[in-house]
Protein chains: 2
Amino acid sequence: MISKYVPILNWGRRYSKSQFGRDFTAAVIVTIMLIPQSLAYALLAGLPPEVGLYASILPLIGYAIFGSSTSLAVGPVAVVSLMTAAAVGRVAAEGTADYASAAIVLALISGGMLTLMGLFRLGFVANFLSHPVISGFITASGLIIATSQLGGLLGIASSGHAMPDLLSSIWANLGSVNFYTLAVGLTSLVVLGWVRLDMKKRLTGWGVSAGLATFLVRAAPVAVVLGAIAASATFNLGSKGVALVGQVPPGIPLLSVPSVSLDLLAALIGPAFIISIVGFVESISVAQTLAAKKRERIDPDQELVGLGAANIFAGLGSGYPVTGGFARSVVNHDAGAATPAAGIFTAIGIGVATLLLTPFLALLPKATLAATIVVAVLTLVDFSILRKTFAYSKADFTAVATTLFVTLILGVEMGISLGVAASILIFLYRTSKPHTAVVGRVPGTEHFRNILRHDVETRPDIISLRVDESLYFANARFLEDLVYDQVAAHPEIRHVILMCPAVNAIDMSALESLEAINERLKDLGITLHLTEIKGPVMDRLKRSDFLEHLTGRVFLSQHQAIDILSTMRSGNRPGTSPSTSS
Amino acid sequence: MISKYVPILNWGRRYSKSQFGRDFTAAVIVTIMLIPQSLAYALLAGLPPEVGLYASILPLIGYAIFGSSTSLAVGPVAVVSLMTAAAVGRVAAEGTADYASAAIVLALISGGMLTLMGLFRLGFVANFLSHPVISGFITASGLIIATSQLGGLLGIASSGHAMPDLLSSIWANLGSVNFYTLAVGLTSLVVLGWVRLDMKKRLTGWGVSAGLATFLVRAAPVAVVLGAIAASATFNLGSKGVALVGQVPPGIPLLSVPSVSLDLLAALIGPAFIISIVGFVESISVAQTLAAKKRERIDPDQELVGLGAANIFAGLGSGYPVTGGFARSVVNHDAGAATPAAGIFTAIGIGVATLLLTPFLALLPKATLAATIVVAVLTLVDFSILRKTFAYSKADFTAVATTLFVTLILGVEMGISLGVAASILIFLYRTSKPHTAVVGRVPGTEHFRNILRHDVETRPDIISLRVDESLYFANARFLEDLVYDQVAAHPEIRHVILMCPAVNAIDMSALESLEAINERLKDLGITLHLTEIKGPVMDRLKRSDFLEHLTGRVFLSQHQAIDILSTMRSGNRPGTSPSTSS
């Protein structure tokens, strides 16, 4: 059924007038919000500001056709813009035609990857980006982005996509600060900061209705942009050394695909994958959060297709990689967007704005866009994850700290890659040295507990070991060592019981270790028993010949095992005792 | 205490005459066995045969000083020789002085790595090489090695360290087979094959004592080498186009270190790591198996130091990477070796043999050495692991098959690397989609079981979910989906119980998912409860504020939870019910 993959065929057929009204209202507000952000994020990506507008037109239509969220607003976002700058900056020099076309190719590759991942239902790949890694990454990205805009605010050149390069280039050029630029930048920053932090409260204090106040707060950044253009024209700021956006080609380029070399593809495929995953994780989190508020469910694999279409459309429309943005989606949702059609109306709005705005953009000081970025990204910076994970788990803290510091120092791609690698290695390391306990019976009950935590009964000839982890290759040797150490320390042991209520799987390596343990214990005249094996694990064991060779028995419960083994004649040898009749 | 790291200081002080007798006997037998193997494996590594002898002298002394196994015999082995050829072949052309010195550098780097891993107690790294991956790798290596010797047996040139290159080079040169070489090769192959398969039975059938027969079988390969030298001299095989070993420099080069460039180090460091891990895993398995027979324990970290010393000594003595070999260690053990001193005596034996043998080696046909290798490695080839894993677990089968075929087609380094990557990814994938069950009470008991497998009691307003896996980043989203799907499907639910007896850990990502679930359910008027949380998991949860926000309670047992929740007044709202007093 094709409409499964093209959601617009479902909701489009039932589209109503009331939905139109809600979608249109939401689109107006999102359009106003997106204009300054789109211009600014394109600058962050190292691209001409109008590219940000292009990336806010076709992609929204692509997502509206294939996406499944009724609230998500896609377009250029801060983190993906920084990642684009880092990736494209390695294959072309900023400001060249090659740079712009590499960004387009990056969007196309990323779109293709996302679509394929969706069709092959590979959305689970995103699960390996853990919350702490994402938090560390976003905070570090926010710091890098804010720092990267210092140059724009001060009117000096700065370069680099990680802290060492950025700081040293800013330091080196600190002598050439342009004070007109600084004035424009600081003014924009103060006004935008006030808009974000204080304007709404002040307006409602003056008796403005909450709804109107919210709208005015959202429209204010556009006013700042227009004010900056006006100031630039009035005071002829360009002639005073203030960097302006400059001439922008009129119109909207549509359906252009640059020629692509294999070398360029090879250089961009790795970054495109990382951008795709990060963009998807950012987007799906927003989509799911907003869907929950509407009691809707999001299909992650369909979201991949939706984002993939958005990025392919971004590439076709001379844009650069896009994803679902948090702030704009919340605004879209709050403004009442009912269907993805809101995105189509927003695209039309941005298209109209692009045609109207481009003649004036030439005069816009870049410092105002830098201020827009700084105000937007400072909300990304949140060090509380360091404190939270430090209190909760040193393993998670290590993953956050690794991601955060590597991102700051070596850049976004190394940061996220090493962060993911660290979190996986930590998980593997932890499961390779699982928690284990020697257990005994809580007197008068059928319960068995750790002898170190509880006052329990044990017998000298029986040792009961509980391993609190699935048995697999990384801890198979650990298991052998555990059993052999216990047996070596207690020569009076005649029965070893492995209690397995927390063993969720036994892989081939662990099975071979169990076989080795069974054989070794047999040589020592000790029988091996298993208790409380889970259904699926038992099903699997039955497919091997392990149970036939097991010297002891498999008991349903630990209690039953101790009852039966305790009543056996002491000194019974394996092979003659009832315990061998498994 | 230095003797902890230098075991010879322990056993050396108590060395007795009877130990000397046993060690000396074992050394004589191992020496005889090692001579042809050392020559042949050096050829396999692309090195002059005498390098194999050099690698069987100093390394044995290094291991005897620092190693902890009383049975292990180190030296050149088949798989490591193949890996050396693959690694060194990328930085230098076979037969050049650079090739030989790169092999020495490889041994030195590997020795340094192993020693450092031992000192930092990093032996657990080897645990990530699962049994199936090792099995697949060894089988593929055996096939590659046997194929690589076809050229030597046929008297034609062949090149490559993986099947496609090898087969195509053999195919291309098949026209230039030298029939004298083929005759020598086939004769050696048939004799050595008979020695391995049939000779002992035949000898004992003729009334030879079992002990003498065993000794003769072990000495026979040396006799084959001497016979081939004699035949070569008698029939002047060299003039008939049979490839001979050729002039060998007299004496034993000791303590030579080649000059090393940073480029060479960089090129060899990756392969050296893989060789170190594979060699360590091969060696420790042998050492542990033999130690078990003597009721001894092996310290893996000390074994790393011992193998590290052996490889550093190999480098200093103009050798190439070595490790503990299976066949020779078993022979050493069976012959009664009592202490690592047996290795020192073997080293002396090989040293003497080197001095005596080198004058004659010039005449030895390489085809005889090729036959020695083929007979030795065919025991490595074992496809039964494919059948065993296929029956037991498709995941393990995938790991074996990946390792086997990638090794055959792309070579040893890619094979082992992708094999390890595959087994880790499979493990992560499996734990990211854990087994879960909706559970109900087995009537008349306190036990709760899967409603799909057992006839159990449930209540419409309570759903009990058991997740059979630790909760961590890769399955955190899965957990959220699981709960939301159940709640969406059963609108009458008022209580969700997560039953956690198999949850061995909850990481930060999973904790945040639990917080999200708790909040979402709260919005829906549903309370969340946890039961049967393990001690260490509970300890950790108490370090967060999750339990303060939990809408429901934490119950010690599932039984208690159902008892208490069932007696609550139906329609109780969260916040007023006793269940909130956690």
# chains A, B, ... in the order shown; residues from 1 in each chain; ligands from 1
>>> residues_around(residues="Val191 (chain A)", least_positions_apart="4", cutoff="9 Å", atoms="only C-alpha atoms", output="list in words")
Leu186, Thr187, Val195, Arg196, Pro221 and Val224 of chain A
>>> select_by_dssp(residues="region 437-492 of chain B", states="strand (DSSP E or B)", output="list in words")
Ala437, Val438, Val439, Gly440, Arg441, Phe448, Arg449, Asn450, Glu457, Arg459, Ile462, Ile463, Ser464, Leu465, Arg466, Val467 and Leu471 of chain B
>>> write_last_selection(atoms="C-alpha atoms", output="CSV table (one decimal), in the first residue's frame")
chain,number,residue,atom,x,y,z
B,437,ALA,CA,6.9,-10.7,28.3
B,438,VAL,CA,3.6,-9.6,29.6
B,439,VAL,CA,3.3,-11.7,32.8
B,440,GLY,CA,0.5,-13.0,35.0
B,441,ARG,CA,0.2,-15.0,38.1
B,448,PHE,CA,4.5,-14.9,37.6
B,449,ARG,CA,5.0,-16.2,34.0
B,450,ASN,CA,4.7,-15.1,30.4
B,457,GLU,CA,-4.3,-14.8,35.9
B,459,ARG,CA,-6.3,-8.0,35.8
B,462,ILE,CA,-2.9,-3.8,35.7
B,463,ILE,CA,-0.3,-4.7,33.2
B,464,SER,CA,2.9,-6.4,34.3
B,465,LEU,CA,5.8,-6.2,31.8
B,466,ARG,CA,9.0,-8.2,32.3
B,467,VAL,CA,12.1,-7.0,30.3
B,471,LEU,CA,18.2,-1.3,30.3
>>> atom_distance(atom1="CA of Ala162 (chain A)", atom2="CA of Ile409 (chain A)")
5.6 Å
>>> interface_residues(of="chain A", to="chain B", cutoff="6 Å", atoms="only C-alpha atoms", output="list in words")
Asn127, Phe128, Ser130, His131, Tyr392, Asp468, Phe473, Ala474, Ala502, Asn504, Ser509 and Arg543 of chain A
>>> write_last_selection(atoms="N, CA, C and O atoms", output="PDB file, in the first residue's frame")
ATOM      1  N   ASN A 127      19.657   4.343  17.930  1.00  0.00           N
ATOM      2  CA  ASN A 127      19.635   4.014  19.355  1.00  0.00           C
ATOM      3  C   ASN A 127      21.019   3.987  19.976  1.00  0.00           C
ATOM      4  O   ASN A 127      21.168   4.036  21.189  1.00  0.00           O
ATOM      5  N   PHE A 128      22.048   3.843  19.125  1.00  0.00           N
ATOM      6  CA  PHE A 128      23.398   3.745  19.676  1.00  0.00           C
ATOM      7  C   PHE A 128      23.978   5.101  20.034  1.00  0.00           C
ATOM      8  O   PHE A 128      25.060   5.196  20.587  1.00  0.00           O
ATOM      9  N   SER A 130      23.633   7.483  22.584  1.00  0.00           N
ATOM     10  CA  SER A 130      22.983   7.510  23.890  1.00  0.00           C
ATOM     11  C   SER A 130      22.646   8.932  24.305  1.00  0.00           C
ATOM     12  O   SER A 130      23.236   9.887  23.810  1.00  0.00           O
ATOM     13  N   HIS A 131      21.703   9.080  25.229  1.00  0.00           N
ATOM     14  CA  HIS A 131      21.336  10.405  25.720  1.00  0.00           C
ATOM     15  C   HIS A 131      22.548  11.182  26.221  1.00  0.00           C
ATOM     16  O   HIS A 131      22.709  12.352  25.869  1.00  0.00           O
ATOM     17  N   TYR A 392      25.157   9.792  39.064  1.00  0.00           N
ATOM     18  CA  TYR A 392      24.454   8.536  38.800  1.00  0.00           C
ATOM     19  C   TYR A 392      25.384   7.399  38.415  1.00  0.00           C
ATOM     20  O   TYR A 392      25.230   6.261  38.893  1.00  0.00           O
ATOM     21  N   ASP A 468      24.756 -12.166  37.216  1.00  0.00           N
ATOM     22  CA  ASP A 468      23.719 -11.194  36.857  1.00  0.00           C
ATOM     23  C   ASP A 468      23.991 -10.584  35.493  1.00  0.00           C
ATOM     24  O   ASP A 468      24.067  -9.362  35.348  1.00  0.00           O
ATOM     25  N   PHE A 473      30.445 -13.893  24.657  1.00  0.00           N
ATOM     26  CA  PHE A 473      31.880 -14.041  24.454  1.00  0.00           C
ATOM     27  C   PHE A 473      32.737 -13.183  25.366  1.00  0.00           C
ATOM     28  O   PHE A 473      33.782 -13.636  25.821  1.00  0.00           O
ATOM     29  N   ALA A 474      32.270 -11.961  25.648  1.00  0.00           N
ATOM     30  CA  ALA A 474      33.142 -11.071  26.420  1.00  0.00           C
ATOM     31  C   ALA A 474      33.256 -11.486  27.877  1.00  0.00           C
ATOM     32  O   ALA A 474      34.195 -11.086  28.560  1.00  0.00           O
ATOM     33  N   ALA A 502      18.955 -14.205  35.779  1.00  0.00           N
ATOM     34  CA  ALA A 502      19.286 -12.957  35.066  1.00  0.00           C
ATOM     35  C   ALA A 502      20.112 -13.222  33.818  1.00  0.00           C
ATOM     36  O   ALA A 502      20.641 -12.301  33.213  1.00  0.00           O
ATOM     37  N   ASN A 504      20.007 -13.766  30.275  1.00  0.00           N
ATOM     38  CA  ASN A 504      19.005 -13.595  29.227  1.00  0.00           C
ATOM     39  C   ASN A 504      19.406 -14.249  27.919  1.00  0.00           C
ATOM     40  O   ASN A 504      18.600 -14.353  27.008  1.00  0.00           O
ATOM     41  N   SER A 509      30.093 -18.901  22.454  1.00  0.00           N
ATOM     42  CA  SER A 509      31.323 -18.838  23.244  1.00  0.00           C
ATOM     43  C   SER A 509      31.043 -19.248  24.680  1.00  0.00           C
ATOM     44  O   SER A 509      31.807 -20.013  25.280  1.00  0.00           O
ATOM     45  N   ARG A 543      19.064 -27.120  21.621  1.00  0.00           N
ATOM     46  CA  ARG A 543      19.528 -27.318  20.243  1.00  0.00           C
ATOM     47  C   ARG A 543      20.987 -27.771  20.196  1.00  0.00           C
ATOM     48  O   ARG A 543      21.498 -28.113  19.138  1.00  0.00           O
TER      49      ARG A 543
END
>>> closest_residue(among="B:Leu378, B:Val456, B:Leu106, B:Ala223", to="Val91 (chain B)", atoms="only C-alpha atoms")
B:Leu106
>>> atom_distance(atom1="CA of Phe405 (chain A)", atom2="CA of Pro164 (chain A)")
11.5 Å
>>> closest_residue(among="B:Leu43, B:Gly175, B:Leu408, B:Lys294", to="Gly336 (chain B)", atoms="only C-alpha atoms")
B:Lys294
>>> residues_around(residues="Lys200 (chain A)", least_positions_apart="5", cutoff="7 Å", atoms="only C-alpha atoms", output="tab-separated table (two decimals) with C-alpha atoms, in the first residue's frame")
chain	number	residue	atom	x	y	z
A	213	ALA	CA	2.67	39.18	23.24
A	214	THR	CA	3.75	35.73	22.10
A	217	VAL	CA	8.11	38.08	20.64
>>> residues_around(residues="Leu361 (chain B)", least_positions_apart="3", cutoff="8 Å", atoms="only C-alpha atoms", output="PDB file with N, CA and C atoms, in the first residue's frame")
ATOM      1  N   ILE B 229      67.518 -33.334   1.760  1.00  0.00           N
ATOM      2  CA  ILE B 229      68.843 -32.744   1.520  1.00  0.00           C
ATOM      3  C   ILE B 229      69.727 -33.759   0.803  1.00  0.00           C
ATOM      4  N   VAL B 245      66.870 -23.925  -0.650  1.00  0.00           N
ATOM      5  CA  VAL B 245      66.953 -22.847   0.337  1.00  0.00           C
ATOM      6  C   VAL B 245      68.126 -21.929   0.008  1.00  0.00           C
ATOM      7  N   GLY B 246      69.245 -22.492  -0.413  1.00  0.00           N
ATOM      8  CA  GLY B 246      70.396 -21.667  -0.804  1.00  0.00           C
ATOM      9  C   GLY B 246      71.282 -21.295   0.367  1.00  0.00           C
ATOM     10  N   GLN B 247      72.367 -20.582   0.065  1.00  0.00           N
ATOM     11  CA  GLN B 247      73.359 -20.251   1.088  1.00  0.00           C
ATOM     12  C   GLN B 247      72.753 -19.519   2.279  1.00  0.00           C
ATOM     13  N   VAL B 248      73.125 -19.944   3.455  1.00  0.00           N
ATOM     14  CA  VAL B 248      72.629 -19.342   4.692  1.00  0.00           C
ATOM     15  C   VAL B 248      73.837 -18.793   5.429  1.00  0.00           C
ATOM     16  N   LEU B 357      73.355 -27.338  11.409  1.00  0.00           N
ATOM     17  CA  LEU B 357      72.515 -27.596  10.243  1.00  0.00           C
ATOM     18  C   LEU B 357      72.774 -26.610   9.102  1.00  0.00           C
ATOM     19  N   THR B 358      73.083 -25.344   9.432  1.00  0.00           N
ATOM     20  CA  THR B 358      73.145 -24.326   8.382  1.00  0.00           C
ATOM     21  C   THR B 358      74.007 -24.733   7.181  1.00  0.00           C
ATOM     22  N   LEU B 364      68.540 -27.902   0.819  1.00  0.00           N
ATOM     23  CA  LEU B 364      67.174 -28.363   1.124  1.00  0.00           C
ATOM     24  C   LEU B 364      66.163 -27.813   0.109  1.00  0.00           C
TER      25      LEU B 364
END
>>> atom_distance(atom1="CA of Ile144 (chain B)", atom2="CA of Ala399 (chain B)")
19.1 Å
>>> select_by_dssp(residues="region 198-409 of chain A", states="helix (DSSP H, G or I)", output="PyMOL selection string")
chain A and resi 198-205+210-234+237-240+262-293+300-316+326-334+341-361+366-380+384-392+394-409
